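Source file query_19.txt; content: compact mmCIF, C-alpha atoms and all ligand atoms.
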```txt
# COMPACT_ATOMS: atom_id res chain seq x y z
CA MET A 25 79.09 111.98 149.38
CA LYS A 26 76.66 112.65 146.56
CA LYS A 27 79.54 114.09 144.56
CA PHE A 28 81.61 110.88 144.97
CA LEU A 29 78.63 108.71 144.03
CA LEU A 30 78.14 110.75 140.91
CA LEU A 31 81.83 110.57 140.05
CA GLY A 32 81.76 106.80 140.60
CA MET A 33 78.77 106.44 138.29
CA VAL A 34 80.42 108.53 135.61
CA LEU A 35 83.61 106.47 135.83
CA CYS A 36 81.62 103.21 135.67
CA LEU A 37 79.67 104.44 132.70
CA SER A 38 82.74 105.51 130.76
CA ALA A 39 84.41 102.22 131.63
CA THR A 40 81.50 100.17 130.29
CA MET A 41 81.33 102.38 127.25
CA VAL A 42 84.98 101.79 126.44
CA PHE A 43 85.38 98.21 127.64
CA SER A 44 82.57 96.48 125.80
CA LEU A 45 81.59 95.21 122.39
CA GLY A 46 78.54 96.21 120.39
CA LYS A 47 75.47 93.95 120.23
CA LYS A 48 75.63 90.21 119.48
CA ASP A 49 74.25 89.03 116.17
CA ALA A 50 70.57 88.20 116.73
CA LYS A 51 70.58 85.17 114.42
CA THR A 52 73.77 83.41 115.57
CA GLY A 53 73.89 84.68 119.14
CA LYS A 54 77.57 85.41 118.52
CA TYR A 55 79.56 88.58 118.48
CA LYS A 56 80.37 89.39 114.84
CA ILE A 57 83.74 91.02 114.22
CA GLY A 58 84.32 93.04 111.05
CA VAL A 59 87.88 92.70 109.77
CA SER A 60 88.88 95.18 107.07
CA MET A 61 92.23 94.65 105.31
CA PRO A 62 93.68 97.09 102.74
CA THR A 63 94.54 94.91 99.76
CA LYS A 64 94.74 91.39 98.45
CA SER A 65 97.67 92.25 96.23
CA LEU A 66 100.35 92.07 98.93
CA GLN A 67 101.08 88.76 100.59
CA ARG A 68 101.22 89.98 104.18
CA TRP A 69 97.64 91.29 104.25
CA ASN A 70 96.29 87.96 102.96
CA GLN A 71 98.11 86.30 105.82
CA ASP A 72 96.86 88.88 108.31
CA GLY A 73 93.28 88.37 107.09
CA ASP A 74 93.52 84.56 107.18
CA ASN A 75 95.06 84.55 110.64
CA MET A 76 92.51 86.97 112.04
CA LYS A 77 89.60 84.94 110.66
CA LYS A 78 90.97 81.62 111.84
CA GLN A 79 91.85 82.81 115.32
CA LEU A 80 88.62 84.75 115.85
CA GLU A 81 86.50 81.82 114.71
CA ASN A 82 88.43 79.45 116.98
CA ALA A 83 87.67 81.80 119.85
CA GLY A 84 83.92 81.60 119.06
CA TYR A 85 83.31 84.81 117.10
CA ALA A 86 81.60 85.21 113.74
CA VAL A 87 83.77 87.10 111.24
CA ASP A 88 83.08 89.42 108.31
CA LEU A 89 86.45 89.65 106.52
CA GLN A 90 86.83 92.12 103.64
CA TYR A 91 89.75 93.34 101.53
CA GLY A 92 89.67 96.88 100.10
CA GLY A 93 90.19 95.79 96.49
CA ASP A 94 93.70 96.80 95.54
CA ASN A 95 94.19 99.63 98.03
CA ASP A 96 90.94 101.26 96.91
CA ILE A 97 89.82 103.76 99.56
CA PRO A 98 86.12 104.09 98.48
CA THR A 99 85.84 100.27 98.51
CA GLN A 100 87.22 100.08 102.04
CA VAL A 101 84.90 102.87 103.23
CA ALA A 102 81.86 101.13 101.70
CA GLN A 103 82.84 97.80 103.27
CA ILE A 104 83.19 99.38 106.71
CA GLU A 105 79.82 101.10 106.29
CA ASN A 106 78.25 97.69 105.56
CA MET A 107 79.95 96.16 108.59
CA ILE A 108 78.45 98.87 110.79
CA THR A 109 74.93 98.54 109.38
CA GLY A 110 75.30 94.75 109.16
CA GLY A 111 75.50 94.34 112.93
CA CYS A 112 79.22 93.96 113.63
CA SER A 113 80.07 94.13 117.33
CA ALA A 114 83.64 95.44 116.81
CA LEU A 115 85.78 96.52 113.88
CA VAL A 116 89.41 95.62 113.27
CA ILE A 117 90.78 97.85 110.53
CA ALA A 118 94.09 98.11 108.71
CA ALA A 119 93.46 101.42 106.93
CA ILE A 120 94.58 102.03 103.35
CA ASP A 121 94.82 105.72 104.17
CA GLY A 122 94.86 106.54 107.87
CA SER A 123 93.03 109.83 107.35
CA SER A 124 90.12 108.72 105.18
CA LEU A 125 87.91 106.93 107.72
CA THR A 126 86.87 109.84 109.97
CA GLU A 127 83.37 110.18 108.47
CA VAL A 128 82.45 106.51 108.21
CA LEU A 129 83.61 105.77 111.76
CA LYS A 130 81.25 108.37 113.24
CA ALA A 131 78.49 105.77 112.77
CA ALA A 132 80.54 103.18 114.67
CA LYS A 133 80.95 105.58 117.56
CA GLU A 134 77.19 106.28 117.62
CA LYS A 135 76.47 102.56 117.88
CA ASN A 136 79.17 101.99 120.52
CA ILE A 137 81.04 99.67 118.19
CA PRO A 138 84.69 99.78 119.28
CA VAL A 139 87.32 100.08 116.59
CA ILE A 140 90.75 98.50 116.90
CA ALA A 141 93.35 99.95 114.53
CA TYR A 142 95.32 97.04 113.12
CA ASP A 143 98.99 97.58 112.24
CA ARG A 144 98.33 101.13 110.96
CA LEU A 145 96.94 103.91 113.13
CA ILE A 146 93.61 105.42 112.03
CA MET A 147 93.79 109.19 112.36
CA ASN A 148 91.22 111.75 113.51
CA SER A 149 88.56 109.41 114.85
CA ASP A 150 87.53 108.95 118.46
CA ALA A 151 85.82 105.67 117.52
CA VAL A 152 89.32 104.15 117.63
CA LYS A 153 89.71 102.65 121.10
CA PHE A 154 92.87 100.56 120.78
CA TYR A 155 95.82 100.05 118.46
CA ALA A 156 97.68 96.78 117.94
CA THR A 157 100.85 96.87 115.90
CA PHE A 158 104.54 96.12 115.87
CA ASP A 159 106.95 98.66 117.26
CA ASN A 160 107.17 100.70 114.07
CA PHE A 161 109.91 103.09 115.19
CA LYS A 162 111.99 100.09 116.21
CA VAL A 163 111.48 98.57 112.73
CA GLY A 164 113.04 101.72 111.25
CA THR A 165 115.93 101.84 113.72
CA MET A 166 116.69 98.16 113.06
CA GLN A 167 116.93 98.85 109.31
CA GLY A 168 119.11 101.92 109.84
CA GLN A 169 121.31 100.16 112.38
CA TYR A 170 121.73 97.19 110.03
CA ILE A 171 123.20 99.51 107.39
CA ALA A 172 125.33 101.33 109.97
CA ASP A 173 126.74 98.02 111.25
CA LYS A 174 127.38 96.47 107.84
CA LEU A 175 129.20 99.56 106.57
CA ASP A 176 130.89 99.95 109.99
CA LEU A 177 129.96 103.63 109.92
CA GLU A 178 131.31 104.12 113.41
CA ASN A 179 134.90 103.31 112.34
CA ALA A 180 135.16 103.27 108.55
CA GLU A 181 136.31 106.42 106.83
CA GLY A 182 133.81 106.44 103.96
CA PRO A 183 132.19 108.27 102.37
CA PHE A 184 129.52 105.74 101.33
CA ASN A 185 126.68 106.27 98.90
CA ILE A 186 123.14 105.50 100.07
CA GLU A 187 119.65 106.02 98.64
CA LEU A 188 116.37 106.18 100.57
CA VAL A 189 113.06 104.51 99.72
CA THR A 190 110.00 104.57 101.96
CA GLY A 191 106.25 103.92 101.64
CA ASP A 192 102.87 105.50 101.08
CA PRO A 193 102.44 109.05 102.44
CA GLY A 194 98.92 108.18 103.69
CA ASP A 195 100.24 105.39 105.92
CA ASN A 196 101.02 106.74 109.38
CA ASN A 197 103.57 103.93 109.89
CA VAL A 198 105.84 105.59 107.32
CA ASN A 199 106.56 108.42 109.78
CA PHE A 200 107.85 105.85 112.24
CA PHE A 201 109.70 103.59 109.79
CA PHE A 202 111.45 106.49 108.08
CA GLY A 203 111.86 108.45 111.33
CA GLY A 204 113.39 105.44 113.08
CA ALA A 205 115.82 104.73 110.25
CA MET A 206 116.82 108.37 109.97
CA SER A 207 117.41 108.60 113.72
CA VAL A 208 120.35 106.27 113.04
CA LEU A 209 121.41 107.41 109.54
CA LYS A 210 120.89 111.19 109.57
CA PRO A 211 123.92 111.99 111.78
CA TYR A 212 126.11 110.17 109.24
CA ILE A 213 124.46 112.03 106.35
CA ASP A 214 124.99 115.31 108.19
CA SER A 215 128.66 114.53 108.78
CA GLY A 216 129.18 113.54 105.13
CA LYS A 217 130.06 109.91 105.86
CA LEU A 218 126.89 108.87 104.05
CA VAL A 219 126.02 110.66 100.81
CA VAL A 220 122.64 110.59 99.08
CA GLN A 221 123.86 111.29 95.54
CA SER A 222 120.33 111.75 94.14
CA GLY A 223 119.72 114.52 96.68
CA GLN A 224 116.36 112.88 97.49
CA ILE A 225 116.65 112.97 101.26
CA SER A 226 113.26 114.03 102.62
CA GLN A 227 110.50 111.59 103.51
CA ALA A 228 108.31 113.10 100.77
CA GLN A 229 111.04 112.61 98.15
CA ALA A 230 111.62 109.02 99.27
CA ALA A 231 107.89 108.13 99.29
CA THR A 232 106.35 105.34 97.21
CA PRO A 233 102.61 105.71 96.49
CA ASN A 234 100.69 102.60 97.66
CA TRP A 235 103.99 100.93 98.53
CA SER A 236 103.98 99.85 94.87
CA THR A 237 106.82 97.65 93.59
CA GLU A 238 106.41 99.09 90.08
CA LYS A 239 106.59 102.71 91.28
CA SER A 240 109.62 101.97 93.42
CA GLN A 241 111.35 100.25 90.47
CA GLU A 242 110.51 103.18 88.18
CA ARG A 243 111.85 105.75 90.65
CA PHE A 244 114.99 103.73 91.26
CA GLU A 245 115.68 103.27 87.55
CA ASN A 246 115.57 107.06 87.24
CA ILE A 247 117.97 107.45 90.17
CA ILE A 248 120.39 104.90 88.66
CA THR A 249 120.36 106.77 85.35
CA SER A 250 120.62 110.27 86.74
CA VAL A 251 123.42 109.52 89.23
CA GLY A 252 125.20 107.00 87.02
CA TYR A 253 125.19 104.17 89.55
CA GLY A 254 126.31 100.80 88.22
CA PRO A 255 128.77 97.95 88.78
CA ASP A 256 131.15 99.90 86.53
CA GLY A 257 129.81 103.32 87.40
CA VAL A 258 129.27 105.30 90.60
CA LYS A 259 129.46 102.92 93.57
CA LEU A 260 126.20 102.40 95.44
CA ASP A 261 126.72 100.99 98.93
CA ALA A 262 123.24 100.74 100.44
CA VAL A 263 119.56 101.35 99.82
CA LEU A 264 117.31 101.88 102.81
CA CYS A 265 113.95 100.36 101.85
CA SER A 266 111.17 100.55 104.43
CA ASN A 267 109.54 97.28 103.34
CA ASP A 268 109.78 94.31 101.01
CA SER A 269 107.42 95.47 98.24
CA THR A 270 109.55 98.60 97.72
CA ALA A 271 112.78 96.58 98.13
CA ASN A 272 111.62 94.25 95.35
CA GLY A 273 111.30 97.22 92.97
CA VAL A 274 114.79 98.42 93.89
CA THR A 275 116.24 94.92 93.49
CA ASN A 276 114.65 94.59 90.04
CA ALA A 277 116.17 97.92 88.99
CA LEU A 278 119.61 96.95 90.33
CA VAL A 279 119.55 93.54 88.61
CA ASN A 280 118.51 95.24 85.35
CA ALA A 281 121.45 97.61 85.78
CA GLY A 282 123.83 94.65 85.90
CA TYR A 283 124.39 94.13 89.63
CA THR A 284 124.90 90.52 90.77
CA LYS A 285 125.09 88.87 94.17
CA ASP A 286 128.84 89.51 94.16
CA ASN A 287 128.57 93.28 94.05
CA PHE A 288 125.02 93.90 95.29
CA PRO A 289 124.45 96.98 97.49
CA ILE A 290 122.93 96.39 100.95
CA VAL A 291 119.15 96.46 100.46
CA THR A 292 116.88 96.40 103.54
CA GLY A 293 113.26 95.30 103.77
CA GLN A 294 110.38 94.42 106.04
CA ASP A 295 107.73 91.65 106.22
CA CYS A 296 109.76 88.62 105.07
CA ASP A 297 107.41 88.27 102.09
CA LYS A 298 108.16 85.22 99.94
CA PRO A 299 109.77 87.12 97.00
CA SER A 300 112.09 88.88 99.45
CA VAL A 301 113.06 85.68 101.23
CA LYS A 302 113.91 84.27 97.79
CA ASN A 303 115.94 87.42 97.07
CA MET A 304 117.77 87.04 100.38
CA ASN A 305 118.65 83.47 99.44
CA ALA A 306 119.82 84.71 96.04
CA GLY A 307 121.96 87.49 97.55
CA THR A 308 119.87 90.32 96.09
CA GLN A 309 118.41 91.59 99.37
CA ALA A 310 120.42 91.71 102.58
CA MET A 311 117.80 91.60 105.29
CA SER A 312 114.15 91.89 106.16
CA ILE A 313 112.22 92.52 109.35
CA PHE A 314 109.99 89.67 110.44
CA LYS A 315 106.65 90.69 111.92
CA ASP A 316 104.85 87.44 112.67
CA THR A 317 101.27 88.10 111.59
CA ARG A 318 100.11 85.24 113.83
CA THR A 319 101.34 87.13 116.88
CA LEU A 320 99.55 90.32 115.87
CA ALA A 321 96.30 88.45 115.17
CA SER A 322 96.38 86.68 118.53
CA ARG A 323 97.05 90.00 120.28
CA VAL A 324 93.92 91.47 118.68
CA VAL A 325 91.84 88.42 119.63
CA THR A 326 93.02 88.88 123.23
CA MET A 327 91.88 92.52 123.07
CA ILE A 328 88.46 91.52 121.76
CA ASP A 329 88.11 88.80 124.42
CA ALA A 330 88.82 91.39 127.10
CA LEU A 331 86.19 93.73 125.65
CA ALA A 332 83.67 90.87 125.49
CA LYS A 333 84.29 90.37 129.22
CA ARG A 334 84.01 94.11 129.77
CA THR A 335 87.54 94.33 131.03
CA ALA A 336 90.47 96.49 129.93
CA PRO A 337 92.61 94.98 127.14
CA GLU A 338 96.31 94.74 127.98
CA VAL A 339 98.41 97.50 126.41
CA ASN A 340 102.12 98.30 126.67
CA ASP A 341 102.27 101.82 125.23
CA THR A 342 100.14 104.74 126.33
CA LYS A 343 102.11 107.66 124.99
CA THR A 344 103.40 107.21 121.45
CA TYR A 345 100.37 107.03 119.17
CA ASN A 346 98.22 110.15 119.16
CA ASN A 347 95.64 109.99 116.37
CA GLY A 348 94.58 113.61 116.59
CA THR A 349 91.80 112.90 119.10
CA GLY A 350 94.18 111.83 121.85
CA VAL A 351 96.65 109.05 122.58
CA ILE A 352 95.35 105.62 121.57
CA PRO A 353 96.31 102.87 124.06
CA SER A 354 98.49 100.50 122.07
CA TYR A 355 100.05 97.08 122.20
CA LEU A 356 103.38 96.95 120.33
CA CYS A 357 104.64 93.51 119.31
CA ASP A 358 108.34 92.90 118.81
CA PRO A 359 109.85 92.84 115.31
CA ILE A 360 113.00 90.81 114.60
CA VAL A 361 115.82 91.14 112.06
CA VAL A 362 116.13 88.29 109.56
CA GLU A 363 119.23 87.78 107.44
CA PRO A 364 119.81 84.75 105.19
CA LYS A 365 121.37 82.85 108.12
CA ASP A 366 118.18 83.31 110.20
CA ILE A 367 115.67 82.11 107.60
CA GLN A 368 115.60 78.50 108.72
CA LYS A 369 114.98 79.20 112.40
CA ALA A 370 112.71 82.25 112.15
CA LEU A 371 110.61 81.31 109.15
CA ILE A 372 110.75 77.54 108.61
CA ASP A 373 111.19 76.05 112.09
CA SER A 374 108.52 78.43 113.42
CA GLY A 375 106.07 76.99 110.87
CA TYR A 376 105.55 80.35 109.12
CA TYR A 377 106.62 78.95 105.75
CA LYS A 378 107.17 75.52 104.26
CA PRO A 379 110.55 75.10 102.52
CA ALA A 380 108.73 74.92 99.15
CA ASP A 381 107.23 78.39 99.71
CA ILE A 382 110.59 80.08 99.43
CA GLN A 383 112.43 78.00 96.85
C1 LIG A 401 103.00 97.70 107.15
C2 LIG A 401 104.12 96.96 106.47
C3 LIG A 401 103.77 96.77 104.99
C4 LIG A 401 103.32 98.07 104.35
C5 LIG A 401 102.81 97.86 102.94
C6 LIG A 401 102.73 98.99 106.43
O1 LIG A 401 101.74 99.73 107.07
O2 LIG A 401 103.33 97.93 108.51
O3 LIG A 401 104.31 95.72 107.10
O4 LIG A 401 104.87 96.30 104.30
O5 LIG A 401 102.31 98.67 105.11
O6 LIG A 401 101.66 97.11 102.90
```
Represent the supplied structure as structure tokens.
Ligand code: BGC
Amino acid sequence: MKKFLLLGMVLCLSATMVFSLGKKDAKTGKYKIGVSMPTKSLQRWNQDGDNMKKQLENAGYAVDLQYGGDNDIPTQVAQIENMITGGCSALVIAAIDGSSLTEVLKAAKEKNIPVIAYDRLIMNSDAVKFYATFDNFKVGTMQGQYIADKLDLENAEGPFNIELVTGDPGDNNVNFFFGGAMSVLKPYIDSGKLVVQSGQISQAQAATPNWSTEKSQERFENIITSVGYGPDGVKLDAVLCSNDSTANGVTNALVNAGYTKDNFPIVTGQDCDKPSVKNMNAGTQAMSIFKDTRTLASRVVTMIDALAKRTAPEVNDTKTYNNGTGVIPSYLCDPIVVEPKDIQKALIDSGYYKPADIQ
């Protein structure tokens, strides 16, 4: 009997430890939520930050929203440190580098401040209690499948030429984006139906530091020159790009090399950022993946509400995302494919953009 009582107490204790927020702010009497975003220089994170702030404030929380300069890791670490000492009750963090927050988050753990990893998984920290993101592997498979369908790889004889561009090596999502895309494309590369003429096939070779448009453009200009791709040169059929900022660099390089909408290779993307939607309208990017930042923000607010009520936040994945300290219970939102024909319904009718934003 005693044993069961003890077990019950231990379970209760661990439940309250996990399903709760830190202290309320003494001055305002509100829970203060620290929201740390990686950069102001990419549109999506500004939208994520704005949505998080708006939705948290509407739900009655105080918010400390910070951006880590332009992907500056020491700035993000210092901001998180201030959030912890400044009385935040929970932290929502989109990490610049998933492996650089282990030290600073020890202090959050000590103060029982739960951390929710936002969009990108934070590695090697047991302060991370939950993860809210889009289904990142599915994003990759959708991009790969788009290329497979458009080139009709199942039936066409080929061979077709493809090049591969992915994101920052410190972003855990890259493993899923690239892994998902390659789960579709690799069999065709292995069989010789798809050929990577540059030879740059591995994830490390396809990486783009900081997801930088300039770096992706630079790398792609080198590939164009070394392989001899061009409207009158070696035919390039498709470029797998893991997101829009890298796709924009590739598109710039292709336009500079003389490609027009009439002979443009298939270029994939992700985020439906404004420049990419404009490129889709202009015929210089084929598709993007729409991840509605409003949906992700409201999912995180729901998680925080549950913690405030000391109940378990809803999750829909308890096996995929191991951050090195164990599997982090996750909620995966659904990404959707957007081609030019879908822009009106997905992006305008849904109120995500005004027509003027993408003209
Ligand atoms: C996000 C993408 C974004 C990329 C660059 C990734 O972690 O999931 O949506 O395009 O970072 O900021």
Open item on the list: At a cut-off of 10 Å around the point (114.8, 95.9, 107.6) (file coordinates), what residues fall inside when counting only C-alpha atoms? I'd like the answer as a PyMOL selection string.
Closed with: chain A and resi 162-171+201+205+264-268+271+291-296+309-314+359-363
Kindly compute an axis-aligned box around the listed atoms of ligand LIG 401 (chain A), allowing 8 Å on each side, and express its centre and edge lengths in Å to one decimal as lines of an AutoDock Vina configuration file.
```
center_x = 103.3
center_y = 97.7
center_z = 105.7
size_x = 19.2
size_y = 20.0
size_z = 21.6
```
TODO: Residues up to 9 Å from ligand LIG 401 (chain A), counting all atoms listed in the file: could you list those as a PyMOL selection string?
DONE: chain A and resi 62-63+66-69+118-120+143-145+157-158+160+191-192+195-198+201+234-236+266-270+293-295+297+313-315
Task: Atomic distance CA of Lys365 (chain A) - CA of Val208 (chain A), expressed in Å with one decimal - done: 24.0 Å
Under the rule of at most 10 Å, produce a per-residue listing of region 288-336 of chain A near region 80-93 of chain A: chain, number, name, the closest pair of atoms, and the distance in Å, as a Markdown table, using only C-alpha atoms.
```
| residue | atom | partner | partner_atom | distance |
| --- | --- | --- | --- | --- |
| A:Ala321 | CA | A:Leu80 | CA | 8.6 |
| A:Ser322 | CA | A:Leu80 | CA | 8.4 |
| A:Val324 | CA | A:Leu80 | CA | 9.0 |
| A:Val325 | CA | A:Leu80 | CA | 6.2 |
| A:Thr326 | CA | A:Ala83 | CA | 9.5 |
| A:Ile328 | CA | A:Leu80 | CA | 9.0 |
| A:Asp329 | CA | A:Ala83 | CA | 8.4 |
```
TODO: In Å, rounded to a single decimal, give me how far CA of Ile290 (chain A) is from CA of Ile382 (chain A).
DONE: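 Computing the Euclidean distance for CA of Ile382 (chain A) and CA of Ile290 (chain A) yields 20.5 Å.
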Open item on the list: Would you compute the distance between CA of Lys369 (chain A) and CA of Asp261 (chain A)? Give it in Å to one decimal.
Closed with: 28.2 Å
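Distances from A:Glu178, A:Asp366, A:Glu127, A:Asp373 to Ile146 (chain A) were compared using only C-alpha atoms, and the smallest one belongs to A:Glu127.
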Task: All residues 6 Å or closer to region 333-339 of chain A, only C-alpha atoms, same chain fewer than 6 positions away omitted, as a list of chain:residue names - done: A:Phe43, A:Ser44, A:Met327, A:Ser354, A:Tyr355
Written file, previous selection with C-alpha atoms, as an mmCIF file, in the coordinates of the input:
```cif
data_model
loop_
_atom_site.group_PDB
_atom_site.id
_atom_site.type_symbol
_atom_site.label_atom_id
_atom_site.label_comp_id
_atom_site.auth_asym_id
_atom_site.auth_seq_id
_atom_site.Cartn_x
_atom_site.Cartn_y
_atom_site.Cartn_z
ATOM 1 C CA PHE A 43 85.380 98.210 127.640
ATOM 2 C CA SER A 44 82.570 96.480 125.800
ATOM 3 C CA MET A 327 91.880 92.520 123.070
ATOM 4 C CA SER A 354 98.490 100.500 122.070
ATOM 5 C CA TYR A 355 100.050 97.080 122.200
#
```
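Using all atoms listed in the file, the smallest distance between any of A:Tyr212, A:Asn70, A:Tyr155, A:Val220 and Asp176 (chain A) comes from A:Tyr212.
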TODO: Give the answer as one residue: which of A:Asn199, A:Leu188, A:Phe154, A:Gly204 has the shortest atom-to-atom distance to Ile247 (chain A), using all atoms listed in the file?
DONE: A:Leu188
Task: Pick from A:Ala230, A:Ile140, A:Val152, A:Leu278 nearest to Val351 (chain A), counting all atoms listed in the file - done: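 Nearest to Val351 (chain A): A:Val152.
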- [ ] Please work out which residues fall within 10 Å of (77.6, 99.5, 112.9), coordinates as given in the file, with all atoms listed in the file counting, and return them as a list in words.
- [x]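 The residues near that point, listed by chain and number, are Gly46, Lys47, Gly58, Ile104, Glu105, Asn106, Met107, Ile108, Thr109, Gly110, Gly111, Cys112, Ser113, Ala114, Leu115, Val128, Leu129, Lys130, Ala131, Ala132, Lys133, Glu134, Lys135, Asn136, Ile137 and Pro138 of chain A.
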Task: Which residue of A:Glu238, A:Glu187, A:Glu245, A:Asp286 approaches Gly223 (chain A) most closely, using only C-alpha atoms - done: A:Glu187
Open item on the list: What's around Tyr283 (chain A) at 12 Å? Count all atoms listed in the file, leave out sequence neighbours fewer than 3 positions away in its own chain, and write the answer as a PyMOL selection string.
Closed with: chain A and resi 248+253-257+259-261+274-280+286-290+307-309
Please complete region 70-82 of chain A so it has N, CA and C atoms, and hand it over as an mmCIF file, in the coordinates of the input.
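Here's the written file part29.cif:
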```
data_model
loop_
_atom_site.group_PDB
_atom_site.id
_atom_site.type_symbol
_atom_site.label_atom_id
_atom_site.label_comp_id
_atom_site.auth_asym_id
_atom_site.auth_seq_id
_atom_site.Cartn_x
_atom_site.Cartn_y
_atom_site.Cartn_z
ATOM 1 N N ASN A 70 97.040 89.221 103.095
ATOM 2 C CA ASN A 70 96.290 87.960 102.960
ATOM 3 C C ASN A 70 96.526 87.106 104.188
ATOM 4 N N GLN A 71 97.795 87.083 104.631
ATOM 5 C CA GLN A 71 98.110 86.300 105.820
ATOM 6 C C GLN A 71 97.467 86.897 107.062
ATOM 7 N N ASP A 72 97.514 88.217 107.173
ATOM 8 C CA ASP A 72 96.860 88.880 108.310
ATOM 9 C C ASP A 72 95.374 88.531 108.341
ATOM 10 N N GLY A 73 94.714 88.657 107.170
ATOM 11 C CA GLY A 73 93.280 88.370 107.090
ATOM 12 C C GLY A 73 92.977 86.928 107.468
ATOM 13 N N ASP A 74 93.737 85.996 106.888
ATOM 14 C CA ASP A 74 93.520 84.560 107.180
ATOM 15 C C ASP A 74 93.704 84.268 108.664
ATOM 16 N N ASN A 75 94.789 84.797 109.219
ATOM 17 C CA ASN A 75 95.060 84.550 110.640
ATOM 18 C C ASN A 75 93.983 85.129 111.537
ATOM 19 N N MET A 76 93.549 86.340 111.220
ATOM 20 C CA MET A 76 92.510 86.970 112.040
ATOM 21 C C MET A 76 91.238 86.134 112.009
ATOM 22 N N LYS A 77 90.850 85.704 110.802
ATOM 23 C CA LYS A 77 89.600 84.940 110.660
ATOM 24 C C LYS A 77 89.684 83.622 111.436
ATOM 25 N N LYS A 78 90.793 82.919 111.184
ATOM 26 C CA LYS A 78 90.970 81.620 111.840
ATOM 27 C C LYS A 78 90.940 81.770 113.362
ATOM 28 N N GLN A 79 91.721 82.690 113.855
ATOM 29 C CA GLN A 79 91.850 82.810 115.320
ATOM 30 C C GLN A 79 90.568 83.333 115.964
ATOM 31 N N LEU A 80 89.878 84.250 115.285
ATOM 32 C CA LEU A 80 88.620 84.750 115.850
ATOM 33 C C LEU A 80 87.569 83.649 115.861
ATOM 34 N N GLU A 81 87.498 82.898 114.764
ATOM 35 C CA GLU A 81 86.500 81.820 114.710
ATOM 36 C C GLU A 81 86.790 80.753 115.763
ATOM 37 N N ASN A 82 88.068 80.417 115.927
ATOM 38 C CA ASN A 82 88.430 79.450 116.980
ATOM 39 C C ASN A 82 88.018 79.926 118.362
#
```
